[in-house]
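S.K.: You'll find model.cif just under this line, and it carries mmCIF, C-alpha atoms.
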```cif
data_entry
#
loop_
_atom_site.label_atom_id
_atom_site.label_comp_id
_atom_site.auth_asym_id
_atom_site.auth_seq_id
_atom_site.Cartn_x
_atom_site.Cartn_y
_atom_site.Cartn_z
CA MET A 1 -9.78 -32.19 5.76
CA PHE A 2 -10.78 -28.64 4.86
CA CYS A 3 -9.48 -26.08 2.37
CA ASP A 4 -7.31 -23.65 4.36
CA ARG A 5 -8.42 -20.73 2.18
CA CYS A 6 -12.21 -21.04 1.94
CA GLY A 7 -12.88 -23.42 4.82
CA GLU A 8 -15.00 -25.81 2.73
CA ASP A 9 -14.51 -29.58 2.50
CA ALA A 10 -11.28 -30.06 0.57
CA ALA A 11 -12.62 -33.22 -1.06
CA GLN A 12 -15.75 -31.51 -2.36
CA GLY A 13 -15.68 -29.14 -5.31
CA ASP A 14 -12.77 -27.55 -7.11
CA HIS A 15 -10.23 -25.71 -4.98
CA ALA A 16 -7.80 -24.92 -7.79
CA ALA A 17 -8.59 -21.21 -7.51
CA CYS A 18 -7.99 -21.39 -3.76
CA ALA A 19 -4.64 -23.08 -4.33
CA ALA A 20 -3.65 -20.40 -6.83
CA ALA A 21 -4.72 -17.61 -4.49
CA ARG A 22 -2.82 -19.20 -1.60
CA GLU A 23 0.45 -18.43 -3.35
CA LEU A 24 -0.12 -14.82 -2.29
CA GLU A 25 -2.16 -15.38 0.87
CA PRO A 26 -1.61 -17.05 4.23
CA PRO A 27 -4.03 -19.79 5.30
CA ARG A 28 -7.19 -18.60 7.05
CA PHE A 29 -8.93 -21.84 8.10
CA CYS A 30 -7.53 -24.75 10.04
CA PRO A 31 -7.40 -27.67 7.59
CA GLN A 32 -8.21 -30.11 10.40
CA CYS A 33 -11.26 -28.47 11.97
CA ARG A 34 -12.10 -25.48 9.69
CA ARG A 35 -11.90 -23.02 12.61
CA ARG A 36 -10.83 -19.54 11.52
CA MET A 37 -7.23 -19.15 12.59
CA LYS A 38 -5.54 -16.13 14.12
CA VAL A 39 -3.10 -15.08 11.41
CA GLN A 40 -0.24 -12.64 11.76
CA VAL A 41 1.53 -11.54 8.60
CA VAL A 42 4.95 -9.89 8.90
CA PRO A 43 7.21 -8.68 6.06
CA THR A 44 9.10 -11.95 5.81
CA GLY A 45 6.52 -14.56 6.77
CA TRP A 46 3.33 -15.48 8.62
CA THR A 47 2.01 -17.52 11.53
CA ALA A 48 -1.48 -19.02 11.72
CA SER A 49 -2.83 -20.37 14.98
CA CYS A 50 -5.76 -22.70 15.61
CA VAL A 51 -6.95 -22.82 19.20
CA GLU A 52 -7.28 -26.61 18.90
CA HIS A 53 -4.54 -27.66 16.49
CA GLY A 54 -1.68 -25.30 17.19
CA THR A 55 0.42 -22.92 15.11
CA ARG A 56 1.63 -23.20 11.53
CA THR A 57 4.32 -20.93 10.10
CA SER A 58 5.50 -19.99 6.62
CA MET B 59 2.90 10.48 -30.66
CA PRO B 60 -0.28 11.91 -29.03
CA GLU B 61 -0.19 15.65 -28.61
CA ILE B 62 -0.73 15.31 -24.85
CA LEU B 63 2.65 13.59 -24.49
CA ASP B 64 4.36 16.47 -26.27
CA ARG B 65 2.64 18.92 -23.95
CA ALA B 66 3.50 16.82 -20.88
CA ARG B 67 7.12 16.63 -21.97
CA ALA B 68 7.30 20.40 -22.38
CA GLN B 69 5.58 21.14 -19.09
CA VAL B 70 6.41 18.37 -16.63
CA LEU B 71 9.83 17.26 -17.78
CA SER B 72 11.10 20.75 -18.43
CA THR B 73 9.58 22.70 -15.55
CA GLY B 74 8.65 20.09 -12.93
CA ARG B 75 5.09 21.37 -12.84
CA GLY B 76 2.52 18.55 -12.77
CA LEU B 77 -0.40 18.12 -15.15
CA ASP B 78 -3.88 19.32 -14.23
CA GLU B 79 -6.96 17.08 -14.07
CA ALA B 80 -7.98 17.52 -17.72
CA ALA B 81 -4.49 16.69 -18.95
CA ILE B 82 -4.23 13.69 -16.59
CA LEU B 83 -7.44 12.35 -18.10
CA GLU B 84 -5.97 12.71 -21.58
CA VAL B 85 -2.94 10.74 -20.43
CA LEU B 86 -5.18 8.01 -19.00
CA LYS B 87 -6.71 7.68 -22.47
CA THR B 88 -3.35 7.10 -24.17
CA PRO B 89 -3.81 4.33 -26.77
CA ASP B 90 -2.06 1.00 -26.20
CA GLU B 91 0.34 1.59 -29.08
CA ASP B 92 1.62 4.77 -27.40
CA LEU B 93 1.96 3.23 -23.94
CA PRO B 94 5.74 2.58 -24.27
CA GLU B 95 6.31 6.26 -25.06
CA LEU B 96 4.13 7.33 -22.14
CA LEU B 97 6.05 5.08 -19.75
CA GLN B 98 9.36 6.37 -21.09
CA LEU B 99 8.24 9.96 -20.51
CA ALA B 100 7.12 9.15 -16.96
CA HIS B 101 10.45 7.46 -16.35
CA ASP B 102 12.35 10.47 -17.71
CA VAL B 103 10.34 12.74 -15.40
CA ARG B 104 11.06 10.54 -12.41
CA MET B 105 14.80 10.38 -13.22
CA LYS B 106 15.05 14.15 -13.72
CA TRP B 107 13.06 15.26 -10.68
CA CYS B 108 13.63 12.39 -8.22
CA GLY B 109 16.80 10.65 -9.39
CA PRO B 110 17.56 6.95 -9.79
CA GLU B 111 17.27 5.96 -6.11
CA VAL B 112 14.41 3.74 -4.99
CA GLU B 113 13.03 3.99 -1.46
CA VAL B 114 12.40 0.57 0.05
CA GLU B 115 9.88 0.03 2.84
CA GLY B 116 8.41 -2.78 4.87
CA ILE B 117 4.99 -2.65 6.53
CA VAL B 118 3.48 -4.59 9.39
CA SER B 119 0.10 -4.80 11.03
CA LEU B 120 0.23 -4.02 14.75
CA LYS B 121 -3.49 -4.57 15.15
CA THR B 122 -5.23 -6.70 12.54
CA GLY B 123 -8.95 -7.05 11.89
CA GLY B 124 -12.00 -6.06 13.90
CA CYS B 125 -12.13 -2.54 12.43
CA PRO B 126 -15.45 -0.71 12.97
CA GLU B 127 -15.26 1.06 9.59
CA ASP B 128 -16.81 -0.27 6.37
CA CYS B 129 -14.14 0.38 3.70
CA HIS B 130 -15.60 -1.92 1.06
CA PHE B 131 -12.25 -3.23 -0.15
CA CYS B 132 -10.92 -4.20 3.26
CA SER B 133 -10.82 -7.70 4.72
CA GLN B 134 -10.11 -6.20 8.16
CA SER B 135 -13.51 -4.59 8.59
CA GLY B 136 -15.46 -6.23 11.38
CA LEU B 137 -18.65 -5.50 9.45
CA PHE B 138 -18.06 -8.05 6.68
CA ALA B 139 -17.96 -11.85 6.65
CA SER B 140 -14.20 -11.91 6.05
CA PRO B 141 -12.08 -14.81 7.33
CA VAL B 142 -9.57 -12.35 8.85
CA ARG B 143 -9.62 -12.55 12.66
CA SER B 144 -8.58 -9.84 15.07
CA VAL B 145 -5.02 -10.17 16.37
CA TRP B 146 -2.38 -7.91 17.98
CA LEU B 147 1.35 -8.14 17.36
CA ASP B 148 3.47 -8.16 20.50
CA ILE B 149 6.40 -5.74 20.89
CA PRO B 150 9.24 -8.29 20.55
CA SER B 151 7.67 -9.53 17.30
CA LEU B 152 7.28 -5.94 16.11
CA VAL B 153 10.96 -5.24 16.74
CA GLU B 154 11.93 -8.48 15.00
CA ALA B 155 9.82 -7.50 11.98
CA ALA B 156 11.61 -4.13 11.89
CA ARG B 157 14.96 -5.89 12.15
CA GLN B 158 14.13 -8.24 9.26
CA THR B 159 12.89 -5.30 7.20
CA ALA B 160 16.11 -3.36 7.79
CA ALA B 161 18.10 -6.43 6.79
CA THR B 162 16.62 -6.14 3.28
CA GLY B 163 18.16 -2.67 2.95
CA ALA B 164 14.85 -0.93 3.60
CA THR B 165 14.98 2.49 5.23
CA GLU B 166 11.29 2.72 6.13
CA PHE B 167 9.19 0.61 8.46
CA CYS B 168 5.51 1.47 8.69
CA ILE B 169 3.41 0.30 11.63
CA VAL B 170 -0.25 -0.06 10.68
CA ALA B 171 -3.40 -0.62 12.71
CA ALA B 172 -6.90 -1.46 11.48
CA VAL B 173 -8.84 1.14 13.44
CA ARG B 174 -11.01 4.22 12.89
CA GLY B 175 -8.48 6.08 14.98
CA PRO B 176 -6.17 5.11 17.83
CA ASP B 177 -7.37 4.67 21.41
CA LYS B 178 -5.17 4.91 24.51
CA ARG B 179 -4.23 1.23 24.36
CA LEU B 180 -2.99 1.59 20.78
CA MET B 181 -1.12 4.82 21.46
CA ASP B 182 0.57 3.16 24.47
CA GLN B 183 1.51 0.18 22.29
CA MET B 184 2.90 2.56 19.66
CA ARG B 185 4.94 4.46 22.21
CA GLU B 186 6.48 1.26 23.54
CA GLY B 187 6.98 -0.20 20.07
CA VAL B 188 8.59 2.85 18.49
CA LYS B 189 10.93 3.23 21.46
CA ALA B 190 11.96 -0.42 21.26
CA ILE B 191 12.54 -0.26 17.50
CA LYS B 192 14.61 2.91 17.75
CA ALA B 193 16.76 1.32 20.44
CA ALA B 194 17.44 -1.81 18.42
CA VAL B 195 17.13 -1.13 14.68
CA ASP B 196 18.54 1.48 12.32
CA ILE B 197 15.39 2.34 10.39
CA GLN B 198 12.90 5.20 10.00
CA VAL B 199 9.52 4.55 11.63
CA ALA B 200 6.26 5.57 9.98
CA ALA B 201 2.71 4.96 11.18
CA SER B 202 -0.77 4.44 9.82
CA LEU B 203 -3.39 4.46 12.56
CA GLY B 204 -6.45 5.99 10.94
CA MET B 205 -7.92 9.37 11.81
CA LEU B 206 -6.12 11.36 14.48
CA THR B 207 -6.84 14.11 16.98
CA GLN B 208 -4.41 17.01 17.25
CA GLU B 209 -3.22 15.58 20.58
CA GLN B 210 -2.43 12.24 18.91
CA VAL B 211 -0.58 13.97 16.07
CA ASP B 212 1.56 15.74 18.65
CA GLU B 213 2.19 12.48 20.50
CA LEU B 214 3.37 10.72 17.34
CA VAL B 215 5.76 13.58 16.57
CA GLU B 216 7.11 13.35 20.09
CA MET B 217 7.62 9.58 19.71
CA GLY B 218 9.78 10.21 16.65
CA VAL B 219 7.39 8.95 13.97
CA HIS B 220 8.69 10.76 10.89
CA ARG B 221 5.96 9.98 8.33
CA TYR B 222 2.25 9.33 8.65
CA ASN B 223 0.21 7.35 6.16
CA HIS B 224 -3.45 8.09 5.72
CA ASN B 225 -4.83 7.18 2.32
CA LEU B 226 -7.70 9.07 0.75
CA GLU B 227 -8.25 5.74 -1.09
CA THR B 228 -10.14 7.26 -4.02
CA CYS B 229 -11.38 10.58 -5.34
CA ARG B 230 -13.82 12.72 -3.42
CA SER B 231 -16.73 12.07 -5.80
CA PHE B 232 -16.42 8.27 -5.57
CA PHE B 233 -15.53 7.95 -1.88
CA PRO B 234 -19.15 7.53 -0.65
CA ASN B 235 -19.40 4.43 -2.86
CA VAL B 236 -16.47 2.89 -1.00
CA VAL B 237 -16.83 4.05 2.61
CA THR B 238 -19.96 5.15 4.45
CA THR B 239 -18.81 5.20 8.08
CA HIS B 240 -16.67 8.32 7.67
CA SER B 241 -16.10 10.96 5.04
CA TRP B 242 -13.36 11.92 2.62
CA GLU B 243 -13.28 15.31 4.35
CA GLU B 244 -12.55 13.71 7.73
CA ARG B 245 -9.54 12.01 6.18
CA TRP B 246 -8.44 15.29 4.60
CA GLY B 247 -8.65 16.90 8.05
CA THR B 248 -6.22 14.38 9.53
CA LEU B 249 -3.84 14.90 6.62
CA LYS B 250 -3.87 18.63 7.19
CA MET B 251 -3.00 18.20 10.86
CA VAL B 252 -0.19 15.80 9.96
CA ARG B 253 1.19 18.23 7.39
CA ASP B 254 1.09 21.14 9.86
CA SER B 255 2.90 19.05 12.50
CA GLY B 256 6.00 18.67 10.35
CA MET B 257 5.59 14.91 9.87
CA GLU B 258 5.91 13.79 6.28
CA VAL B 259 2.57 13.07 4.63
CA CYS B 260 2.06 9.73 2.94
CA CYS B 261 -1.25 9.57 1.10
CA GLY B 262 -2.41 7.45 -1.79
CA GLY B 263 -5.13 5.00 -2.52
CA ILE B 264 -6.41 2.00 -4.40
CA LEU B 265 -7.20 1.81 -8.10
CA GLY B 266 -9.85 -0.58 -9.37
CA LEU B 267 -12.56 0.08 -6.79
CA GLY B 268 -15.08 0.68 -9.59
CA GLU B 269 -14.11 4.28 -10.29
CA THR B 270 -14.21 5.64 -13.84
CA ILE B 271 -11.05 6.89 -15.52
CA GLU B 272 -12.45 10.40 -15.09
CA GLN B 273 -12.50 9.71 -11.35
CA ARG B 274 -8.95 8.34 -11.54
CA ALA B 275 -7.91 11.67 -13.03
CA GLU B 276 -9.87 13.51 -10.33
CA PHE B 277 -8.07 11.47 -7.68
CA ALA B 278 -4.61 12.20 -9.09
CA ALA B 279 -5.43 15.92 -9.21
CA GLN B 280 -6.69 15.90 -5.62
CA LEU B 281 -3.55 14.14 -4.45
CA ALA B 282 -1.45 16.67 -6.34
CA GLU B 283 -3.30 19.45 -4.55
CA LEU B 284 -2.42 17.79 -1.22
CA ASP B 285 1.20 17.49 -2.41
CA PRO B 286 2.16 14.52 -0.23
CA HIS B 287 5.75 13.49 0.34
CA GLU B 288 4.80 9.96 -0.71
CA VAL B 289 1.95 8.41 -2.70
CA PRO B 290 1.44 4.65 -2.30
CA MET B 291 -0.36 3.15 -5.30
CA ASN B 292 -2.40 0.06 -4.55
CA PHE B 293 -4.39 -2.00 -7.01
CA LEU B 294 -7.46 -3.76 -5.71
CA ASN B 295 -6.83 -7.35 -4.73
CA PRO B 296 -10.47 -8.45 -4.25
CA ARG B 297 -10.82 -10.01 -0.82
CA PRO B 298 -13.30 -12.78 -0.04
CA GLY B 299 -16.25 -11.65 2.03
CA THR B 300 -15.91 -7.94 1.26
CA PRO B 301 -18.42 -5.98 -0.86
CA LEU B 302 -15.72 -5.69 -3.56
CA GLY B 303 -14.82 -9.37 -3.38
CA ASP B 304 -16.01 -9.99 -6.94
CA GLN B 305 -14.67 -6.78 -8.48
CA PRO B 306 -12.46 -7.49 -11.54
CA VAL B 307 -8.78 -6.62 -11.13
CA VAL B 308 -7.35 -3.65 -13.01
CA GLU B 309 -6.03 -4.60 -16.43
CA GLY B 310 -2.23 -4.43 -16.55
CA LYS B 311 -1.98 -1.76 -19.23
CA ASP B 312 -4.50 0.43 -17.38
CA ALA B 313 -2.42 0.06 -14.23
CA LEU B 314 0.72 1.16 -16.07
CA ARG B 315 -1.13 4.08 -17.67
CA ALA B 316 -2.27 5.13 -14.19
CA ILE B 317 1.26 4.92 -12.78
CA ALA B 318 2.57 7.14 -15.56
CA ALA B 319 -0.35 9.56 -15.20
CA PHE B 320 0.18 9.88 -11.43
CA ARG B 321 3.89 10.54 -12.05
CA LEU B 322 3.04 13.25 -14.57
CA ALA B 323 0.62 14.76 -12.05
CA MET B 324 3.20 14.65 -9.23
CA PRO B 325 6.69 14.77 -10.76
CA LYS B 326 8.57 15.17 -7.48
CA THR B 327 6.73 12.85 -5.10
CA ILE B 328 7.81 9.41 -3.90
CA LEU B 329 5.50 7.16 -5.93
CA ARG B 330 5.41 3.77 -4.27
CA TYR B 331 4.33 0.39 -5.57
CA ALA B 332 2.10 -1.01 -2.84
CA GLY B 333 -0.47 -3.79 -2.57
CA GLY B 334 -2.01 -5.64 -5.49
CA ARG B 335 0.81 -5.18 -7.98
CA GLU B 336 1.52 -8.92 -8.04
CA ILE B 337 -2.12 -9.65 -8.92
CA THR B 338 -2.53 -6.84 -11.45
CA LEU B 339 0.86 -6.76 -13.12
CA GLY B 340 2.75 -9.91 -12.22
CA ASP B 341 6.53 -10.10 -12.16
CA LEU B 342 7.05 -8.35 -15.50
CA GLY B 343 4.77 -5.50 -14.45
CA THR B 344 6.97 -4.71 -11.48
CA ARG B 345 9.79 -4.01 -13.90
CA ASP B 346 7.55 -1.98 -16.24
CA GLY B 347 6.31 0.19 -13.38
CA LEU B 348 9.83 0.89 -12.14
CA LEU B 349 10.63 2.01 -15.68
CA GLY B 350 7.40 4.01 -15.89
CA GLY B 351 7.40 6.42 -12.97
CA ILE B 352 7.61 4.34 -9.77
CA ASN B 353 10.51 5.17 -7.44
CA ALA B 354 9.65 3.28 -4.25
CA VAL B 355 8.48 -0.19 -3.31
CA ILE B 356 6.99 -2.05 -0.39
CA VAL B 357 9.06 -5.20 -0.15
CA GLY B 358 7.95 -8.51 1.27
CA ASN B 359 4.48 -9.14 2.58
CA TYR B 360 1.59 -6.74 3.03
CA LEU B 361 -0.78 -6.52 6.00
CA THR B 362 -2.94 -9.58 5.38
CA THR B 363 -1.65 -10.85 2.03
CA LEU B 364 1.74 -11.91 0.73
CA GLY B 365 4.04 -10.11 -1.69
CA ARG B 366 6.98 -11.03 -3.85
CA PRO B 367 10.05 -12.06 -1.89
CA ALA B 368 12.11 -8.97 -1.03
CA THR B 369 15.11 -10.62 -2.68
CA ASP B 370 13.29 -10.63 -6.04
CA ASP B 371 12.63 -6.90 -5.89
CA LEU B 372 16.16 -6.14 -4.74
CA ALA B 373 17.62 -8.25 -7.56
CA LEU B 374 15.41 -6.39 -10.02
CA LEU B 375 16.62 -3.02 -8.71
CA GLU B 376 20.20 -4.17 -9.13
CA ASP B 377 19.42 -5.34 -12.64
CA LEU B 378 17.87 -1.96 -13.46
CA LYS B 379 20.85 -0.15 -11.87
CA MET B 380 18.53 1.67 -9.49
CA PRO B 381 20.27 2.05 -6.13
CA VAL B 382 18.30 1.55 -2.92
CA LYS B 383 17.99 4.90 -1.17
CA ALA B 384 20.36 4.95 1.78
CA LEU B 385 19.15 5.63 5.31
CA SER B 386 21.35 8.70 5.53
CA ALA B 387 19.50 10.17 2.54
CA THR B 388 16.19 9.92 4.36
CA LEU B 389 17.29 11.68 7.54
#
```
Write the structure described by the file as structure tokens, please.
M.R.:
Amino acid sequence: MFCDRCGEDAAQGDHAACAAARELEPPRFCPQCRRRMKVQVVPTGWTASCVEHGTRTS
Amino acid sequence: MPEILDRARAQVLSTGRGLDEAAILEVLKTPDEDLPELLQLAHDVRMKWCGPEVEVEGIVSLKTGGCPEDCHFCSQSGLFASPVRSVWLDIPSLVEAARQTAATGATEFCIVAAVRGPDKRLMDQMREGVKAIKAAVDIQVAASLGMLTQEQVDELVEMGVHRYNHNLETCRSFFPNVVTTHSWEERWGTLKMVRDSGMEVCCGGILGLGETIEQRAEFAAQLAELDPHEVPMNFLNPRPGTPLGDQPVVEGKDALRAIAAFRLAMPKTILRYAGGREITLGDLGTRDGLLGGINAVIVGNYLTTLGRPATDDLALLEDLKMPVKALSATL
């Protein structure tokens, strides 16, 4: 599994800062394959799409 | 109380004439212990010259990422190793975003694109999008599409876009440190065309790009010279992969000092809380800013980052007894 903010291995290193930042950011990397996702932010939410693993929404 | 606050009270509060650059700089140097008085003065100026209403706006990115420009703060530049990918919003989703924005009580909906300036595809998308929004949603439509030609200005007026945002971002003397792919003067040129067209001018910038407080004062004075209808105030939210990704955020008290100083420079403008306020000021800071010169907010999310829930801001406005500006008042 990968950190959905920085794209690095979620089990390696400290991702506390990423988790804190994610409170005010949508995910950018697919947690399953670390591909950069296509992310659309709208005033009331977001969608993030991985070509391989589908779409996540807020 | 510092002498500058007495002078500002006599000039700005009484006559509605904004401070000049030297006086703005003095305000930006207000000691911490006098900050409450400065904020109170800025609030008094806002209440006298603008009234208690707060203009609420939502923004959405029609075209995200892949921008050819190198604005050093921006995660949407295609020139930096940012994780933001290029994506277009389809028209039904654009209309739905406008509908959800209007449901918050907002009267403004700004459509933004990460471009140097619009091409035919983007102008066609705008035409279709604005028409669809106007047919379905009771809200004013604004746009922010970068630098324009006169023909594009005329097209936007014809579409019914009532306000155009084009930020100068920072003062003229610091701009080359932030952007190298175009000039401050090119941006000024677009703003002049927009002004002459009759569209309302929305122009602000970002604090915390590395500018000095002297340059903050210069920026406020240059904006006052432009005399925009609206000034959005952003605070840098350092984005991973950008040249300013490691820049420290503006300290909260400095942000509040800047808000008050910009209000004293432009007593009658719409001064809007925009991006970065959550990072710089937190929840309490939103309240302090609204009691220190701010009279407009972007609610909900920003273009690539998330904001406070709109309901939190609306509850705060109710708590502060600041009515949301009605749509009829903007027409």
S.K.: Nearest residue to chain B out of A:Met1, A:Ala10, A:Ala19, A:Met37, using all atoms listed in the file?
M.R.: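 Among A:Met1, A:Ala10, A:Ala19, A:Met37, it is A:Met37 that comes nearest to chain B.
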S.K.: Counting all atoms listed in the file, which residue out of B:Thr88, B:Thr362, B:Gln158, B:Ser135 sits closest to Lys38 of chain A?
M.R.: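 For Lys38 of chain A, the nearest of the given residues is B:Thr362.
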S.K.: Return as CSV the residues of chain B lying at most 8 Å from chain A, together with the closest atom-to-atom pair for each and the distance in Å to one decimal, counting all atoms listed in the file, with rows in chain order and ascending residue number.
M.R.:
```
residue,atom,partner,partner_atom,distance
B:Gly116,CA,A:Pro43,CA,6.1
B:Ile117,CA,A:Pro43,CA,6.4
B:Val118,CA,A:Val42,CA,5.5
B:Ser119,CA,A:Val41,CA,7.3
B:Thr122,CA,A:Gln40,CA,7.8
B:Pro141,CA,A:Arg28,CA,6.2
B:Val142,CA,A:Arg28,CA,6.9
B:Arg143,CA,A:Lys38,CA,5.6
B:Ser144,CA,A:Lys38,CA,7.1
B:Val145,CA,A:Lys38,CA,6.4
B:Leu147,CA,A:Gln40,CA,7.4
B:Ala155,CA,A:Val42,CA,6.2
B:Gln158,CA,A:Thr44,CA,7.1
B:Thr159,CA,A:Pro43,CA,6.7
B:Val357,CA,A:Pro43,CA,7.4
B:Gly358,CA,A:Pro43,CA,4.8
B:Asn359,CA,A:Pro43,CA,4.4
B:Tyr360,CA,A:Pro43,CA,6.7
B:Leu361,CA,A:Val41,CA,6.1
B:Thr362,CA,A:Val41,CA,5.8
B:Thr363,CA,A:Glu25,CA,4.7
B:Leu364,CA,A:Leu24,CA,4.6
B:Gly365,CA,A:Leu24,CA,6.3
B:Pro367,CA,A:Thr44,CA,7.8
```
S.K.: For a test of reading the model, state the distance in Å between atom CA of Val199 of chain B and atom CA of Cys125 of chain B, rounded to one decimal.
M.R.: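 Distance between the two atoms: 22.8 Å.
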S.K.: When you look at segment 369-386 of chain B with a cut-off of 7 Å (counting all atoms listed in the file), what residues show up, excluding the ones that are within fewer than 4 positions of it in the same chain? I need them as a list in words.
M.R.: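 Contacts, with the query itself left out: Pro110, Glu111, Val112, Glu113, Val114, Thr165 and Val357 of chain B.
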S.K.: Excluding segment 264-272 of chain B and its own-chain neighbours fewer than 3 positions away, which residues fall within 7 Å of it when counting all atoms listed in the file? Please give them as a list in words.
M.R.: Leu83, Leu86, Glu227, Thr228, Phe232, Ala275, Glu276, Met291, Asn292, Phe293, Leu294, Val307 and Val308 of chain B
S.K.: Work out how far apart atom CA of Thr57 of chain A and atom CA of Ser151 of chain B are and give it in Å to one decimal.
M.R.: 13.9 Å
S.K.: Do you have the atom CA of Phe167 of chain B-atom CA of Arg274 of chain B distance handy?
M.R.: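 The value is 28.1 Å.
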S.K.: For Gly333 of chain B, which residue out of B:Gln305, B:Asn295, B:Ser241, B:Gln280 is the nearest one, using all atoms listed in the file?
M.R.: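 For Gly333 of chain B, the nearest of the given residues is B:Asn295.
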S.K.: Would you place a box with edges along x, y and z of the file around all atoms of segment 142-149 of chain B listed there, add 4 Å to each of its six sides, and report the centre and edge lengths in Å to one decimal, as JSON?
M.R.:
```
{"center_x": -1.6, "center_y": -9.1, "center_z": 14.9, "size_x": 24.0, "size_y": 14.8, "size_z": 20.0}
```
S.K.: Run the PyMOL selection byres ((chain B and resi 196) around 9) mentally over the shown coordinates, then write out the matched residues as a ChimeraX atom specification, using the chain letters and numbers from the document.
M.R.: /B:156-157,160,165,191-195,197-198,385
S.K.: Could you check the closest approach to Arg34 of chain A for each of A:Thr47, A:Glu52, A:Asp14, A:Phe2 and tell me which residue wins, using all atoms listed in the file?
M.R.: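 The shortest atom-to-atom distance to Arg34 of chain A comes from A:Phe2.
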S.K.: When the PyMOL selection byres ((chain B and resi 174) around 8) is applied to the structure above, which residues does it catch, written out as a PyMOL selection string?
M.R.: chain B and resi 125-127+172-173+175-176+203-205
S.K.: For the residues in that selection, give me C-alpha atoms as a PDB file, keeping the file's coordinate frame.
M.R.:
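Below is the file selection_18.pdb, written as the result:
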```pdb
ATOM      1  CA  CYS B 125     -12.130  -2.540  12.430  1.00  0.00           C
ATOM      2  CA  PRO B 126     -15.450  -0.710  12.970  1.00  0.00           C
ATOM      3  CA  GLU B 127     -15.260   1.060   9.590  1.00  0.00           C
ATOM      4  CA  ALA B 172      -6.900  -1.460  11.480  1.00  0.00           C
ATOM      5  CA  VAL B 173      -8.840   1.140  13.440  1.00  0.00           C
ATOM      6  CA  GLY B 175      -8.480   6.080  14.980  1.00  0.00           C
ATOM      7  CA  PRO B 176      -6.170   5.110  17.830  1.00  0.00           C
ATOM      8  CA  LEU B 203      -3.390   4.460  12.560  1.00  0.00           C
ATOM      9  CA  GLY B 204      -6.450   5.990  10.940  1.00  0.00           C
ATOM     10  CA  MET B 205      -7.920   9.370  11.810  1.00  0.00           C
TER      11      MET B 205
END
```
S.K.: My list of candidates is B:Val252, B:Ala319, B:Leu302, B:Leu314. Which is closest to Leu342 of chain B when distances are computed with only C-alpha atoms?
M.R.: B:Leu314
S.K.: Could you list, as a PyMOL selection string, every residue matched by the PyMOL selection byres ((chain B and resi 202) around 9) in this structure?
M.R.: chain B and resi 168-172+200-201+203-205+221-225
S.K.: Just checking: using all atoms listed in the file, which residue out of B:Ala354, B:Val237, B:Leu120, B:Leu63 ends up closest to Leu137 of chain B?
M.R.: B:Val237
S.K.: For segment 8-19 of chain A, supply N, CA and C atoms and format the output as a PDB file, in the frame of the given file.
M.R.:
```
ATOM      1  N   GLU A   8     -14.069 -24.747   3.145  1.00  0.00           N
ATOM      2  CA  GLU A   8     -15.000 -25.810   2.730  1.00  0.00           C
ATOM      3  C   GLU A   8     -14.276 -27.156   2.690  1.00  0.00           C
ATOM      4  N   ASP A   9     -15.057 -28.221   2.569  1.00  0.00           N
ATOM      5  CA  ASP A   9     -14.510 -29.580   2.500  1.00  0.00           C
ATOM      6  C   ASP A   9     -13.527 -29.672   1.328  1.00  0.00           C
ATOM      7  N   ALA A  10     -12.310 -30.035   1.616  1.00  0.00           N
ATOM      8  CA  ALA A  10     -11.280 -30.060   0.570  1.00  0.00           C
ATOM      9  C   ALA A  10     -11.566 -31.129  -0.484  1.00  0.00           C
ATOM     10  N   ALA A  11     -12.329 -32.135  -0.113  1.00  0.00           N
ATOM     11  CA  ALA A  11     -12.620 -33.220  -1.060  1.00  0.00           C
ATOM     12  C   ALA A  11     -13.824 -32.905  -1.935  1.00  0.00           C
ATOM     13  N   GLN A  12     -14.551 -31.880  -1.603  1.00  0.00           N
ATOM     14  CA  GLN A  12     -15.750 -31.510  -2.360  1.00  0.00           C
ATOM     15  C   GLN A  12     -15.456 -30.265  -3.205  1.00  0.00           C
ATOM     16  N   GLY A  13     -15.824 -30.316  -4.462  1.00  0.00           N
ATOM     17  CA  GLY A  13     -15.680 -29.140  -5.310  1.00  0.00           C
ATOM     18  C   GLY A  13     -14.237 -28.920  -5.758  1.00  0.00           C
ATOM     19  N   ASP A  14     -14.068 -27.854  -6.517  1.00  0.00           N
ATOM     20  CA  ASP A  14     -12.770 -27.550  -7.110  1.00  0.00           C
ATOM     21  C   ASP A  14     -12.096 -26.435  -6.307  1.00  0.00           C
ATOM     22  N   HIS A  15     -10.946 -26.712  -5.770  1.00  0.00           N
ATOM     23  CA  HIS A  15     -10.230 -25.710  -4.980  1.00  0.00           C
ATOM     24  C   HIS A  15      -8.968 -25.222  -5.708  1.00  0.00           C
ATOM     25  N   ALA A  16      -8.973 -25.378  -7.040  1.00  0.00           N
ATOM     26  CA  ALA A  16      -7.800 -24.920  -7.790  1.00  0.00           C
ATOM     27  C   ALA A  16      -7.607 -23.413  -7.642  1.00  0.00           C
ATOM     28  N   ALA A  17      -8.708 -22.672  -7.652  1.00  0.00           N
ATOM     29  CA  ALA A  17      -8.590 -21.210  -7.510  1.00  0.00           C
ATOM     30  C   ALA A  17      -8.068 -20.857  -6.115  1.00  0.00           C
ATOM     31  N   CYS A  18      -8.503 -21.630  -5.123  1.00  0.00           N
ATOM     32  CA  CYS A  18      -7.990 -21.390  -3.760  1.00  0.00           C
ATOM     33  C   CYS A  18      -6.484 -21.648  -3.705  1.00  0.00           C
ATOM     34  N   ALA A  19      -6.073 -22.747  -4.342  1.00  0.00           N
ATOM     35  CA  ALA A  19      -4.640 -23.080  -4.330  1.00  0.00           C
ATOM     36  C   ALA A  19      -3.826 -21.988  -5.017  1.00  0.00           C
TER      37      ALA A  19
END
```
